[in-house]
Amino acid sequence: MEGSGSGIRRRVSIRKRRRRSLGETAATGRLEPGEDDDDDEEEATEGRRRRSESPEPPEYDGSEEDMFGGYDSFTENSFLTHVDDLEQKYMQPLDRGIITTQPAFEKLCSRSTETREFDIIATNSNLVEVKTLDSPETLNLQENMTIKPGDDLLDDVPCSQALYFEETKNSSSDSNCQSAKESYPLYSYQTLNDISMEQTQQKKNSSPKSTESDMNRRRSLKDHLKSAMTGNAKAQTPKFSKRNQLKEAILSEEINVAKKTIESSSDDLGPFYSLPSKVRDLFVQFKGIKKLYDWQHTCLTLTCLQQRKNLIYSLPTSGGKTLVAEILMLQELLCRQKNVLMILPYVAIVQEKISSLSSFGLELGFLVEEYAGSKGRFPPIKRRGKKSLYIATIEKGHGLVNSLIEDGRINELGLVVIDELHMIGEGSRGAVLEITLAKILYMSKTTQIIGMSATLNNVEELQEFLKAEYYTSKFRPVELKEYLKINDTIFEVDIKSEKGYTFSRLLNCKYSDNLKKMDPDHLVALVTEVIPSYSCLVFCPTKKNCENVADMICKFLNKDYLKHREKEKCDFLKNLKNISNGSLCPVLKRTVPFGVAYHHSGLTNDERKILEEAYATGVLCLLTCTSTLAAGVNLPARRVILRAPYIATQFLKRNQYQQMIGRAGRAGMDTVGESILILQEKDKHLVLDLVNSPLENCYSHLGQEVTKGIESLLLSLIGLKIAKNLEDIYHFMCGTFFGIQQKSLSKEKSLWEISRKALENLIEKGLLQKKNISKNAEESQCDIHITKLGQASLKGTLDLAYCGILYKDLKKGLEGLVLESYLHLIYLTTPYDMVSQCRPDWMLYLRQLNHLSSAEQKVAAIVGVSESFIIKKASGQAIKKELEEFWVYRALLTELTKKLSYCVRADLVPLMEVTGILQSRAKQLYNAGYKTVAHLANADPEVLIRTINHLSRRQAKQIVSSAKMLINEKAEALQEEMEDLLRPPPDALGTMAPSTKNHEFIQ
């Protein structure tokens, strides 16, 4: 406790600071710079003289210190002096009613007939100014003040102050202190009308003597304001707390030291690999990582990284590759002050990474932006205050790089990280990834590239393409044991043996004749050795096989499995039914009570998300899934079973096999992981190559995927002005992964011939056009430019095989566009390569035409495809501004894309913008009162856990941090936009330097 002397010194100090910084003019009522100290002393003396002649003020509750008592006359025109004069001049006695205006006063009012509410707003120095709710200007008390019963003096105070008032109210009501009741403290939720009614009721119930004593104890408006100001002064303001400011100052200082360490290329890596010590603490807090593995330390201290050379590193699944990438990204964001792009293969992984890194962004002062699905802005906002971490899918990452090149901003990217680098050799997506990396290498000499993968073989060619160093290790934190099952025998994989495997054990199971017929591969016996105590994944060749296997296993499971976490499974089924609009899949209805479910691309995003959450928390102990889960969201298991060595009808590749079995073993939870591959006798001869052969090489698909590969690349090179003729194109092509492998991939044609042929095809399609030049010029030096159709195809990321026919169809559609529903627009934007999967139900169309909503279930039913197809594909086509004749499509498709992206009612759309929140979770949050992003950003994770079903602590924290990051991102964007608007253009005539006043406003 402070002594009285300390308290006096504190109040005097407060008084002096306020005298020096603040005052108030009678004409405007605004807080303005104060007079000098001598004038203030005279005014303070005069104020004390006036108070000594006036009656004693009412007594206050002893629990509150009158922080303004004796010091309210900072100047002659102080705010409380105005209130005092106003009361004496215009107020009627309280027994005749609440404050009203006199006729003479009403004549002075500019709007005499209006009743205007006003707020008491606390300033940084804990003084107050009065503002009207319907005007941004400060209210002039002597001219505009009109208060009627029911007006709320403290209608919108900061939440910290509201909390203080709430606590004061609770403590006051609990103590039943009579003196507190008589002092009438004015809280933020208490209006003058409430006080008037309370006083009137007391007057009716009291004797004349008590009425007279009550009148003596009633406090004037000035005293109510003093009470509110006292609360404002005492209230906590965490946003500007000294503690947080000190933390930020320390972090800023550590970052400056880290910058110097990195720039000097010193061997001293500072507190945490050239990062502030706070980063190390955050990894412990958010990820539970207290110490790095030896290989991670070795990798982070490589000389090539300190010299900012490109790097490829490869380790087995679950080896901790991502942590190294995250530390390198933080170095770039914090120390080198450059933006970072992280490319991931799937939308689900992007969302998972956004959620996990948003907390770091909030604590360390950088933005985390999502580029997946319908999210992402091209070009990204150019920020001056904070740096951005862009987390993108392969396609969105390509679009982002294109937009930065077009704007001349590609050097803003200091680092590009590619997870699953081996995907560069997988079809059209691999071609897009190659194009993206080739453009970065060609256009920016300062951007560092880091690639990582668990399955790489021909690393030398990749090194040549990326101009990178290579690091590898065999480390795996959890031991993985590989087994093969043939008939009733289990063999362990052993590369040292002659056959490649050795005998392990016989499968001990007693099967009835019916069970043998239904389960010839003994799947029930294999999974029951593990579940429900541990988790298990069963990979199946097809989606239909996933459902059949899950259903079959549950038919033979013991009834005791129903009792394991029974209540949680019951709640999970209800949630699953809700997100499916009441129609639950009959297979899941039978299997979930046993803790079993299937997982494949036929499920909607909401259904997959809720299944993944249930599996991660142990409510579900067994998932039957397709190979897409192997490289998708991180859902490891104690045992992984491969139902057959096939994906559809194709025999497994070594890379695919490694990805699947890599799911086995939970780091930090299990000491061992097991994989079991089920084989038939006919496949035995193929097994040796599968389990013992080296990984397959990565080959470029740029030449194979013609319209999505080389032609798409050439169109973008001309459209982005990277190249202007065939000679430039050839020079670029020599540096691609395809250019390096061209001799082995295409022996019949040279790289020059391949490039020339692709260029001719683009000119024939009307996407490119040659410029008129002299006849003597060589063909290779003939300048080429992009047409409007080509520009639209480039910006719309269309498959060039269909751009011509799409243009004709859209042109024809304008002649008879049907706008009664969205169906015609969906028809016009359905990708041509997916038409064979669409089987429209025209009778259903006729019944639903007049009632068609944006819900994906109805659209999917009519068109004859799965709901996930509608969500993924319908928003994939875009009509850009380059084709002005299609302006009507641009206006209509913007709204359609938004509706099909979320497929929810309008009031849920704001919540859906938060990463990781899908339809079912959005409904839960909305019904619980969290109706906006701001509600989520200010939510308490512990309250969320208690309010929302099946929400873990980790998920709650990620939702809150993602919402905060989204608000920060929008606020930064608005700030940048404001500064751009206020900054005069550099080419403006007669441009002068911005005035000091404008500069202060910007600040």
# chains A, B, ... in the order shown; residues from 1 in each chain; ligands from 1
>>> residues_around(residues="Lys609 (chain A)", least_positions_apart="5", cutoff="12 Å", atoms="only C-alpha atoms", output="VMD selection string")
chain A and resid 347 to 349 351 to 352 575 to 576 579 599 to 601 603 to 604 614 to 616 632 to 633 635 916 to 921 955
>>> select_by_dssp(residues="region 503-576 of chain A", states="strand (DSSP E or B)", output="list in words")
Phe503, Ser504, Arg505, Leu506, Cys536, Leu537, Val538 and Phe539 of chain A
>>> write_last_selection(atoms="N, CA and C atoms", output="PDB file, in the first residue's frame")
ATOM      1  N   PHE A 503      10.065 -63.643 -42.039  1.00  0.00           N
ATOM      2  CA  PHE A 503       8.877 -64.058 -41.298  1.00  0.00           C
ATOM      3  C   PHE A 503       8.815 -63.320 -39.951  1.00  0.00           C
ATOM      4  N   SER A 504       7.595 -62.893 -39.606  1.00  0.00           N
ATOM      5  CA  SER A 504       7.400 -62.198 -38.329  1.00  0.00           C
ATOM      6  C   SER A 504       6.479 -62.989 -37.399  1.00  0.00           C
ATOM      7  N   ARG A 505       5.255 -63.296 -37.863  1.00  0.00           N
ATOM      8  CA  ARG A 505       4.316 -64.023 -37.007  1.00  0.00           C
ATOM      9  C   ARG A 505       3.140 -64.507 -37.844  1.00  0.00           C
ATOM     10  N   LEU A 506       2.385 -65.446 -37.251  1.00  0.00           N
ATOM     11  CA  LEU A 506       1.117 -65.872 -37.841  1.00  0.00           C
ATOM     12  C   LEU A 506      -0.008 -65.062 -37.221  1.00  0.00           C
ATOM     13  N   CYS A 536      -6.105 -45.849 -36.064  1.00  0.00           N
ATOM     14  CA  CYS A 536      -5.740 -46.695 -37.201  1.00  0.00           C
ATOM     15  C   CYS A 536      -6.285 -46.080 -38.487  1.00  0.00           C
ATOM     16  N   LEU A 537      -5.504 -46.176 -39.570  1.00  0.00           N
ATOM     17  CA  LEU A 537      -5.926 -45.744 -40.901  1.00  0.00           C
ATOM     18  C   LEU A 537      -5.894 -46.940 -41.839  1.00  0.00           C
ATOM     19  N   VAL A 538      -6.939 -47.083 -42.658  1.00  0.00           N
ATOM     20  CA  VAL A 538      -6.982 -48.144 -43.668  1.00  0.00           C
ATOM     21  C   VAL A 538      -7.111 -47.482 -45.032  1.00  0.00           C
ATOM     22  N   PHE A 539      -6.057 -47.552 -45.853  1.00  0.00           N
ATOM     23  CA  PHE A 539      -6.083 -46.963 -47.197  1.00  0.00           C
ATOM     24  C   PHE A 539      -6.708 -47.945 -48.176  1.00  0.00           C
TER      25      PHE A 539
END
>>> closest_residue(among="A:Asn256, A:Asn402, A:Thr303, A:Ser453", to="Lys721 (chain A)", atoms="only C-alpha atoms")
A:Asn402
>>> residues_around(residues="Asn578 (chain A)", least_positions_apart="6", cutoff="12 Å", atoms="only C-alpha atoms", output="list in words")
Asp571, Phe572, Leu584, Cys585, Asp606, Glu607, Ile610, Gln919, Ser920, Arg921, Ala922, Lys923 and Gln924 of chain A
>>> closest_residue(among="A:Ile424, A:Leu330, A:Ala928, A:Ile312", to="Pro276 (chain A)", atoms="only C-alpha atoms")
A:Leu330
>>> select_by_dssp(residues="region 338-370 of chain A", states="helix (DSSP H, G or I)", output="list in words")
Val347, Ala348, Ile349, Val350, Gln351, Glu352, Lys353, Ile354, Ser355, Ser356, Leu357, Ser358, Ser359, Phe360, Gly361, Leu362, Glu363 and Leu364 of chain A
>>> residues_around(residues="Ile394 (chain A)", least_positions_apart="2", cutoff="6 Å", atoms="only C-alpha atoms", output="tab-separated table (two decimals) with N, CA, C and O atoms, in the first residue's frame")
chain	number	residue	atom	x	y	z
A	343	ILE	N	4.26	-22.24	-50.38
A	343	ILE	CA	3.37	-22.97	-51.30
A	343	ILE	C	3.14	-24.37	-50.76
A	343	ILE	O	4.09	-25.13	-50.52
A	345	PRO	N	0.45	-28.03	-51.08
A	345	PRO	CA	-0.28	-28.72	-52.16
A	345	PRO	C	-1.80	-28.64	-52.10
A	345	PRO	O	-2.45	-28.67	-53.13
A	396	LYS	N	-2.85	-20.85	-56.66
A	396	LYS	CA	-2.93	-19.48	-56.14
A	396	LYS	C	-1.54	-18.85	-56.03
A	396	LYS	O	-1.37	-17.64	-56.23
A	397	GLY	N	-0.55	-19.67	-55.70
A	397	GLY	CA	0.81	-19.16	-55.64
A	397	GLY	C	1.29	-18.67	-57.00
A	397	GLY	O	1.97	-17.65	-57.11
>>> residues_around(residues="Ala631 (chain A)", least_positions_apart="5", cutoff="10 Å", atoms="only C-alpha atoms", output="list in words")
Pro345, Tyr346, Ile349, Glu420, Gln656, Gln659, Met660, Gly662 and Arg663 of chain A
>>> write_last_selection(atoms="C-alpha atoms", output="mmCIF file, in the first residue's frame")
data_model
loop_
_atom_site.group_PDB
_atom_site.id
_atom_site.type_symbol
_atom_site.label_atom_id
_atom_site.label_comp_id
_atom_site.auth_asym_id
_atom_site.auth_seq_id
_atom_site.Cartn_x
_atom_site.Cartn_y
_atom_site.Cartn_z
ATOM 1 C CA PRO A 345 -0.276 -28.719 -52.156
ATOM 2 C CA TYR A 346 -3.862 -28.644 -50.788
ATOM 3 C CA ILE A 349 -3.081 -27.871 -45.446
ATOM 4 C CA GLU A 420 6.186 -31.482 -51.123
ATOM 5 C CA GLN A 656 2.963 -43.048 -53.038
ATOM 6 C CA GLN A 659 3.646 -41.170 -48.323
ATOM 7 C CA MET A 660 0.977 -43.583 -47.045
ATOM 8 C CA GLY A 662 4.605 -42.234 -43.404
ATOM 9 C CA ARG A 663 1.314 -41.562 -41.567
#
>>> residues_around(residues="Glu460 (chain A)", least_positions_apart="6", cutoff="12 Å", atoms="only C-alpha atoms", output="ChimeraX atom specification")
/A:312,466-471,697-698,737,740-741
>>> write_last_selection(atoms="C-alpha atoms", output="PDB file, in the first residue's frame")
ATOM      1  CA  ILE A 312      16.615 -28.470 -51.043  1.00  0.00           C
ATOM      2  CA  LEU A 466      16.783 -24.336 -58.643  1.00  0.00           C
ATOM      3  CA  LYS A 467      20.539 -23.563 -58.422  1.00  0.00           C
ATOM      4  CA  ALA A 468      20.367 -25.024 -54.922  1.00  0.00           C
ATOM      5  CA  GLU A 469      22.418 -26.866 -52.318  1.00  0.00           C
ATOM      6  CA  TYR A 470      21.154 -30.204 -50.931  1.00  0.00           C
ATOM      7  CA  TYR A 471      20.839 -31.607 -47.403  1.00  0.00           C
ATOM      8  CA  ASN A 697      12.568 -39.726 -60.426  1.00  0.00           C
ATOM      9  CA  CYS A 698      10.730 -36.440 -60.862  1.00  0.00           C
ATOM     10  CA  PHE A 737      13.194 -27.981 -65.340  1.00  0.00           C
ATOM     11  CA  ILE A 740      17.292 -29.303 -68.240  1.00  0.00           C
ATOM     12  CA  GLN A 741      15.566 -32.664 -68.908  1.00  0.00           C
TER      13      GLN A 741
END
>>> closest_atom_pairs(of="region 484-532 of chain A", to="region 549-558 of chain A", cutoff="12 Å", atoms="only C-alpha atoms", output="tab-separated table")
residue	atom	partner	partner_atom	distance
A:Tyr511	CA	A:Phe556	CA	10.3
A:Ser512	CA	A:Phe556	CA	10.6
A:Asn514	CA	A:Phe556	CA	10.2
A:Leu515	CA	A:Phe556	CA	7.7
A:Lys516	CA	A:Phe556	CA	11.1
A:Lys517	CA	A:Met552	CA	11.3
A:Met518	CA	A:Met552	CA	7.5
A:Asp519	CA	A:Met552	CA	7.8
A:Pro520	CA	A:Met552	CA	11.5
A:Asp521	CA	A:Val549	CA	10.9
A:His522	CA	A:Ile553	CA	9.8
A:Leu523	CA	A:Ile553	CA	7.4
A:Val524	CA	A:Ile553	CA	5.7
A:Ala525	CA	A:Ile553	CA	9.5
A:Leu526	CA	A:Ile553	CA	10.5
A:Val527	CA	A:Ile553	CA	8.8
A:Thr528	CA	A:Leu557	CA	8.1
A:Glu529	CA	A:Leu557	CA	11.8
A:Ile531	CA	A:Leu557	CA	10.6
A:Pro532	CA	A:Leu557	CA	11.1
>>> atom_distance(atom1="CA of Arg280 (chain A)", atom2="CA of Asn938 (chain A)")
25.8 Å
>>> closest_residue(among="A:Leu341, A:Ala325, A:Leu974, A:Pro985", to="Ile381 (chain A)", atoms="only C-alpha atoms")
A:Leu974
>>> atom_distance(atom1="CA of Tyr930 (chain A)", atom2="CA of Leu611 (chain A)")
23.2 Å
>>> residues_around(residues="Val933 (chain A)", least_positions_apart="2", cutoff="6 Å", atoms="only C-alpha atoms", output="compact mmCIF listing (two decimals) with N, CA, C and O atoms, in the first residue's frame")
# COMPACT_ATOMS: atom_id res chain seq x y z
N LEU A 911 -18.38 -14.92 -40.66
CA LEU A 911 -17.67 -15.94 -39.87
C LEU A 911 -16.90 -16.90 -40.77
O LEU A 911 -15.84 -17.40 -40.39
N HIS A 935 -16.40 -10.28 -32.84
CA HIS A 935 -16.79 -11.08 -31.68
C HIS A 935 -15.78 -12.20 -31.43
O HIS A 935 -15.40 -12.47 -30.28
N LEU A 936 -15.36 -12.85 -32.50
CA LEU A 936 -14.40 -13.95 -32.35
C LEU A 936 -13.03 -13.44 -31.93
O LEU A 936 -12.34 -14.06 -31.13
N ALA A 963 -9.05 -14.95 -36.29
CA ALA A 963 -9.95 -13.79 -36.37
C ALA A 963 -9.19 -12.50 -36.10
O ALA A 963 -9.40 -11.49 -36.79
>>> closest_residue(among="A:Asp833, A:His701, A:Val350, A:Trp752", to="His731 (chain A)", atoms="only C-alpha atoms")
A:Trp752
